[in-house]
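Chemist: One structure coming up, written as structure tokens, with questions to follow.
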Amino acid sequence: MILNGIGASNGFAIGKVYKYEPVKVQVEKKQVDNIQDEITKLDNAIDISIKELEAIRIKAQEDIDEKSAEIFNAHIQILNDPEFIGNIKKNVKSDSINADYAIKEIADMFINMFEAMDNEYMKERAADIKDVSQRLLYHVLGINNNGATPIKEEVIVIANDLTPSDTAQFDKRYIKGFVTNVGGRTSHAAIMARTLEIPTVVGTKTALLDIKESDIIMVDGFDGKVHINPSNEQIEEAKAKIKMYKKKQAIWAQLKNTSTVTMDNHYVELVGNIGSPEDVEGVNNNGGEGIGLYRTEFLYMGRKNLPTEEEQFEAYKVVLNNMGDKPVVVRTLDIGGDKELPYMEMDKEMNPFLGNRAIRLCLSKKDIFKTQLRALLRASVYGNLRIMFPMIATMDEFHEAKDMLMESKCELIKEGSRVSDHIEIGIMIEIPAAAILADQFAKEVDFFSIGTNDLIQYTFAADRMNEKVSYLYQPFNPSLLRLIKMVINAAHKEGKWVGMCGEMAGEQLAIPILIGLGLDEFSMSATSILQARHIISKLNYNDMVKLASEVLQMTRDKDVYNRICGVLKEDV
Ligand SMILES: C=C(OP(=O)(O)O)C(=O)O
Ligand SMILES: [Mg+2]
């Protein structure tokens with residue numbers, strides 16, 4: 001059986017299935033009449049959990065190694081620990097409260113205590129208690145959940161959806177592929193999968209239903225297909241495709257240290273998108289000429305509290321240092337939409353992508369924004385920093401953000417800190433209002449970077465996370481191309497440069513049009529850079545200018561798409 005979805009990260013993976021189906025548990029404090037009932041529930045849950053852990057331990061010993069099996073022994077020990085369990089029981093009895101609340105109370109106390117210790121071993125113990133208490137909670141509440149089982153062997157993860165925090169929490173050593181029911185190519189989990197080079201298919205609609213735990217599956221991240229129990233023939237076909245892809249990669253690799261020019265010497269800048277300082281290596285290894293988008297929000301995820309100014313300063317400094325004098329566009333915090341922070345109170349919104357997101361949230365939580373701006377300014381002396389504000393819709397928002405930046409700069413200088421005088425300040429163009437007013441914005445900013453993931457969702461009013469409307473993700477639609485053209489013309493008129501950091505910039509078929517429209521900078525996943533450079537090296541700029549003006553007059557995305565297919569030669 002073959003499931004069709006959207007190829008979100010290139011590559012093939014064959015392997016066992018891990019169904020990730022976390023159940024969100026809400027624990028509330030309740031007064032109970034029958035304390036003994038709660039104690040019995042707790043004792044039963046401990047018994048079941050220990051039995052489960054024994055089984056996992058034996059499996060880990062057989063399938064993986066002794067060291068992995070040890071982890072589950074540690075978990076069993078926690079469930080036998082008189083201090084841990086004794087305290088839970090004590091709270092149930094003394095406060096006449098429900099067992100689930102007491103578990104959470106005591107687990108949180110131990111977790112916080114261990115996490116605060118400056119000792120890796122103790123921090124791991126906090127993670128163990130988190131896992132065990134989650135397992136215990138599920139059993140006390142009678143919830144059947146396997147999302148709590150940590151992954152300890154190589155698997156392909158199947159999920160309904162993956163949030164960026166889900167994706168971040170997996171141990172990458174064991175993840176061979178991702179398959180989801182929902183989501184599109186531009187969901188943040190898909191973007192993270194590309195950065196991690198993990199083959200991924202999203203939007204299959206029925207993967208969780210159709211794939212069984214006992215199946216072996218093959219993920220084709222190129223064509224967006226998932227083969228359930230593939231035949232030998234299908235596996236051979238995949239191997240041939242991988243071989244072909246590797247050959248192409250070897251050709252592209254020859255361009256690693258060259259600049260990005262068309263056949264007739266039109267130069268553009270090819271840079272990478274990153275989500276963390278660790279991703280810089282990938283950009284450098286793939287011949288990136290800089291960073292065109294550092295999504296700083298990932299610095300705020302996978303933790304319990306906001307990163308301090310010092311922590312942020314260190315992260316930005318590492319990125320700038322490792323890029324030498326190459327430009328680094330750091331985007332200020334873009335939280336909201338599909339990116340939540342568990343520790344930050346955010347109101348439930350009907351339309352989170354249209355809600356309090358990115359610059360809107362930063363301007364409403366000024367202390368958080370200020371901390372980031374100060375950290376960025378302090379780091380600016382370590383490299384070639386460009387600061388970019390996301391989701392700008394109005395000139396007032398830009399002014400307010402820039403004023404705060406300038407105010408922070410003055411403060412820092414007064415405090416005796418050094419700040420670079422050569423920081424370019426730009427905005428993302430991802431809201432149609434800003435694209436339409438680009439001529440005015442161009443007078444005030446140093447650069448634009450077009451965020452097509454959002455610009456497309458807002459132009460077509462189509463949620464980028466919803467596969468039912470994914471047909472409206474139309475980067476080739478002349479309406480979008482005209483918007484892009486408007487932005488580029490407006491910027492060039494004021495002598496400013498325009499980049500693109502949405503996924504469209506790295507799509508092979510979009511590149512010829514974008515060259516023809518006059519885009520100056522292309523920012524993409526590190527793994528797409530060399531292929532893009534190869535494509536550009538085969539194009540003639542003047543021909544692309546003609547091609548772009550031709551497609552701007554077309555009516556449908558399909559017409560443009562078909563026209564472009566004829567332009568790209570087989571060898572790219
Ligand atoms: C690059 C973009 O920002 P993000 O994907 O992080 O929303 C975009 O919207 O195109
Ligand atoms: Mg965006």
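Labeling convention for the structure tokens: chains A, B, ... as they appear, residues from 1 per chain, ligands from 1 in order of appearance.
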Identify, counting only C-alpha atoms and all ligand atoms, the protein, DNA and RNA residues located within 12 Å of ligand 2, and give them as a ChimeraX atom specification.
Modeler: /A:186-188,191,293-295,297,331-339,353-354,357-359,388-392,427-431,449-458,464,500-503
Chemist: Can you tell me which residues surround region 29-44 of chain A at a distance of at most 9 Å, considering only C-alpha atoms, apart from same-chain residues fewer than 6 positions away, and format the answer as JSON, numbers by chain?
Modeler: {"A": [89, 92, 93, 95, 96, 97, 98, 99, 100, 101, 102, 103, 136, 137, 139, 140, 141]}
Chemist: Save out the residues we just selected, C-alpha atoms, as a PDB file, in the first residue's frame.
Modeler:
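Okay, this is what ended up in again-v5.pdb:
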ATOM      1  CA  LYS A  89       0.908   9.263  49.396  1.00  0.00           C
ATOM      2  CA  VAL A  92      -2.960  12.566  49.262  1.00  0.00           C
ATOM      3  CA  LYS A  93      -3.621  11.719  52.899  1.00  0.00           C
ATOM      4  CA  ASP A  95      -4.563  17.254  52.095  1.00  0.00           C
ATOM      5  CA  SER A  96      -7.357  14.808  51.082  1.00  0.00           C
ATOM      6  CA  ILE A  97      -6.509  15.396  47.426  1.00  0.00           C
ATOM      7  CA  ASN A  98      -6.629  13.387  44.195  1.00  0.00           C
ATOM      8  CA  ALA A  99      -3.661  11.096  43.445  1.00  0.00           C
ATOM      9  CA  ASP A 100      -2.963  12.634  40.014  1.00  0.00           C
ATOM     10  CA  TYR A 101      -2.509  16.082  41.529  1.00  0.00           C
ATOM     11  CA  ALA A 102      -0.231  14.726  44.242  1.00  0.00           C
ATOM     12  CA  ILE A 103       1.913  12.964  41.612  1.00  0.00           C
ATOM     13  CA  LEU A 136       2.151   7.051  36.295  1.00  0.00           C
ATOM     14  CA  LEU A 137      -0.273   9.872  35.586  1.00  0.00           C
ATOM     15  CA  HIS A 139      -2.310   4.990  34.474  1.00  0.00           C
ATOM     16  CA  VAL A 140      -3.890   6.771  37.432  1.00  0.00           C
ATOM     17  CA  LEU A 141      -6.194   8.580  35.025  1.00  0.00           C
TER      18      LEU A 141
END
Chemist: Can you list every residue in region 45-259 of chain A that DSSP puts in strand (DSSP E or B), as a ChimeraX atom specification?
Modeler: /A:97,155-159,175-180,200-202,216-220,225-228
Chemist: Generate a file of the selected residues that holds N, CA and C atoms, formatted as a compact mmCIF listing (two decimals), in the first residue's frame.
Modeler:
# COMPACT_ATOMS: atom_id res chain seq x y z
N ILE A 97 -6.45 14.98 48.85
CA ILE A 97 -6.51 15.40 47.43
C ILE A 97 -6.38 14.18 46.50
N VAL A 155 13.76 4.57 14.44
CA VAL A 155 12.36 4.44 14.03
C VAL A 155 11.98 5.55 13.05
N ILE A 156 10.83 5.34 12.42
CA ILE A 156 10.21 6.42 11.65
C ILE A 156 8.99 6.85 12.47
N VAL A 157 8.93 8.11 12.80
CA VAL A 157 7.87 8.60 13.68
C VAL A 157 6.62 8.93 12.86
N ILE A 158 5.49 8.37 13.29
CA ILE A 158 4.21 8.66 12.64
C ILE A 158 3.38 9.46 13.63
N ALA A 159 2.84 10.58 13.21
CA ALA A 159 2.07 11.39 14.14
C ALA A 159 0.94 12.08 13.39
N ILE A 175 15.87 8.99 15.00
CA ILE A 175 14.78 9.32 14.08
C ILE A 175 15.25 9.21 12.64
N LYS A 176 14.71 8.22 11.93
CA LYS A 176 15.11 8.04 10.52
C LYS A 176 14.18 8.79 9.58
N GLY A 177 12.96 9.03 10.03
CA GLY A 177 12.01 9.73 9.17
C GLY A 177 10.80 10.20 9.95
N PHE A 178 10.05 11.11 9.34
CA PHE A 178 8.79 11.58 9.93
C PHE A 178 7.67 11.41 8.91
N VAL A 179 6.50 11.02 9.40
CA VAL A 179 5.31 10.99 8.55
C VAL A 179 4.17 11.57 9.38
N THR A 180 3.44 12.52 8.81
CA THR A 180 2.32 13.07 9.57
C THR A 180 1.03 13.00 8.76
N THR A 200 11.06 13.33 5.22
CA THR A 200 9.75 13.59 5.83
C THR A 200 8.65 13.69 4.78
N VAL A 201 7.50 13.07 5.12
CA VAL A 201 6.29 13.24 4.30
C VAL A 201 5.19 13.75 5.22
N VAL A 202 4.58 14.88 4.87
CA VAL A 202 3.51 15.42 5.71
C VAL A 202 2.19 15.36 4.94
N ILE A 216 6.64 -2.31 8.46
CA ILE A 216 7.91 -1.68 8.06
C ILE A 216 7.50 -0.69 6.97
N ILE A 217 8.00 0.53 7.06
CA ILE A 217 7.59 1.50 6.04
C ILE A 217 8.80 2.14 5.36
N MET A 218 8.53 2.65 4.16
CA MET A 218 9.59 3.36 3.44
C MET A 218 9.07 4.77 3.13
N VAL A 219 9.82 5.77 3.60
CA VAL A 219 9.42 7.17 3.41
C VAL A 219 10.18 7.72 2.21
N ASP A 220 9.44 8.25 1.26
CA ASP A 220 10.07 8.88 0.09
C ASP A 220 9.82 10.39 0.20
N LYS A 225 5.77 10.15 -0.76
CA LYS A 225 5.07 8.86 -0.70
C LYS A 225 5.55 8.05 0.50
N VAL A 226 4.61 7.28 1.04
CA VAL A 226 4.96 6.37 2.12
C VAL A 226 4.55 4.96 1.70
N HIS A 227 5.52 4.07 1.55
CA HIS A 227 5.23 2.69 1.16
C HIS A 227 5.10 1.86 2.43
N ILE A 228 3.94 1.20 2.57
CA ILE A 228 3.76 0.36 3.75
C ILE A 228 4.16 -1.06 3.37
Chemist: Taking only C-alpha atoms into account, which of A:Asn232, A:Gln440, A:Asn351, A:Asn87 comes nearest Ala461 (chain A)?
Modeler: A:Asn351
Chemist: Quick one, how far is CA of Ala13 (chain A) from CA of Pro199 (chain A)?
Modeler: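 These two atoms are separated by 6.4 Å.
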Chemist: Quick one: of A:Val567, A:Val17, A:Val560, A:Val330, who's nearest to ligand 1, counting only C-alpha atoms and all ligand atoms?
Modeler: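 Going through A:Val567, A:Val17, A:Val560, A:Val330 one by one, the smallest distance to ligand 1 is for A:Val330.
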Chemist: Mind the document's chain letters and residue numbers, and return as a count of residues only the residues of region 103-281 of chain A that DSSP labels helix (DSSP H, G or I).
Modeler: 83
Chemist: Counting only C-alpha atoms and all ligand atoms, figure out which residue out of A:Tyr343, A:Tyr473, A:Phe84, A:Tyr138 gets nearest to ligand 1.
Modeler: A:Tyr473
Chemist: What is the distance, in Å and to one decimal place, between CA of Arg57 (chain A) and CA of Arg135 (chain A)?
Modeler: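 Going from CA of Arg57 (chain A) over to CA of Arg135 (chain A) covers 14.8 Å.
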Chemist: Pick out the residues sitting within 9 Å of Arg374 (chain A), and hand them over as a list in words; count only C-alpha atoms, and ignore anything fewer than 6 positions along from it in its own chain.
Modeler: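 Those residues are Glu309, Phe313, Leu405, Ser408, Lys409, Glu411 and Leu412 of chain A.
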Chemist: Enter the distance from CA of Phe441 (chain A) to CA of Ile387 (chain A), in Å, rounded to one decimal.
Modeler: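 Separating CA of Phe441 (chain A) from CA of Ile387 (chain A) is a distance of 15.4 Å.
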Chemist: Can you list, as a list in words, every protein, DNA or RNA residue that comes within 7 Å of Leu552 (chain A) when you count only C-alpha atoms, leaving out same-chain residues fewer than 3 positions away?
Modeler: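 What passes the distance filter is Pro478, Leu481, Arg482, Ala548 and Ser549 of chain A.
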Chemist: Name all residues at most 9 Å from Asn265 (chain A) (count only C-alpha atoms; drop same-chain ones fewer than 2 positions away) and give them as JSON, numbers by chain.
Modeler: {"A": [260, 261, 262, 263, 267, 537, 540, 541]}
Chemist: Since we have the selection now, will you write its residues out, keeping N, CA and C atoms, as a CSV table (one decimal), in the first residue's frame?
Modeler:
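Once everything was written out, this is part_6.csv:
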chain,number,residue,atom,x,y,z
A,260,THR,N,27.8,32.9,-6.6
A,260,THR,CA,26.6,32.4,-7.2
A,260,THR,C,26.3,33.4,-8.4
A,261,VAL,N,26.6,32.9,-9.6
A,261,VAL,CA,26.4,33.8,-10.8
A,261,VAL,C,25.7,33.0,-11.9
A,262,THR,N,24.9,33.8,-12.7
A,262,THR,CA,24.3,33.2,-13.9
A,262,THR,C,25.3,33.0,-15.0
A,263,MET,N,25.0,32.4,-16.1
A,263,MET,CA,25.9,32.3,-17.2
A,263,MET,C,26.4,33.6,-17.7
A,267,TYR,N,25.1,38.4,-10.5
A,267,TYR,CA,25.4,37.8,-9.2
A,267,TYR,C,24.2,37.9,-8.2
A,537,SER,N,23.7,28.7,-12.0
A,537,SER,CA,24.8,28.8,-12.9
A,537,SER,C,24.4,28.4,-14.4
A,540,ASN,N,20.4,32.1,-17.9
A,540,ASN,CA,20.8,33.3,-18.5
A,540,ASN,C,19.9,34.4,-17.9
A,541,TYR,N,20.6,35.4,-17.2
A,541,TYR,CA,19.8,36.4,-16.5
A,541,TYR,C,18.8,37.2,-17.5
Chemist: May I have the residues within 12 Å of region 243-249 of chain A as a VMD selection string, using only C-alpha atoms and disregarding those fewer than 2 positions away in the same chain?
Modeler: chain A and resid 10 to 12 222 236 to 241 251 to 256 286 527 to 535 570 to 572
Chemist: When you look at His266 (chain A) with a cut-off of 12 Å (counting only C-alpha atoms), what residues show up, excluding the ones that are within fewer than 5 positions of it in the same chain? I need them as a ChimeraX atom specification.
Modeler: /A:259-261,515-516,518-520,536-545
Chemist: Could you check the closest approach to Asp367 (chain A) for each of A:Val283, A:Ile50, A:Leu306, A:Met554 and tell me which residue wins, using only C-alpha atoms?
Modeler: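 Among the listed residues, A:Leu306 lies closest to Asp367 (chain A).
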Chemist: Counting only C-alpha atoms and all ligand atoms, figure out which residue out of A:Ala401, A:Met524, A:Ala74, A:Ile368 gets nearest to ligand 1.
Modeler: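 Closest residue, counting only C-alpha atoms and all ligand atoms: A:Met524.
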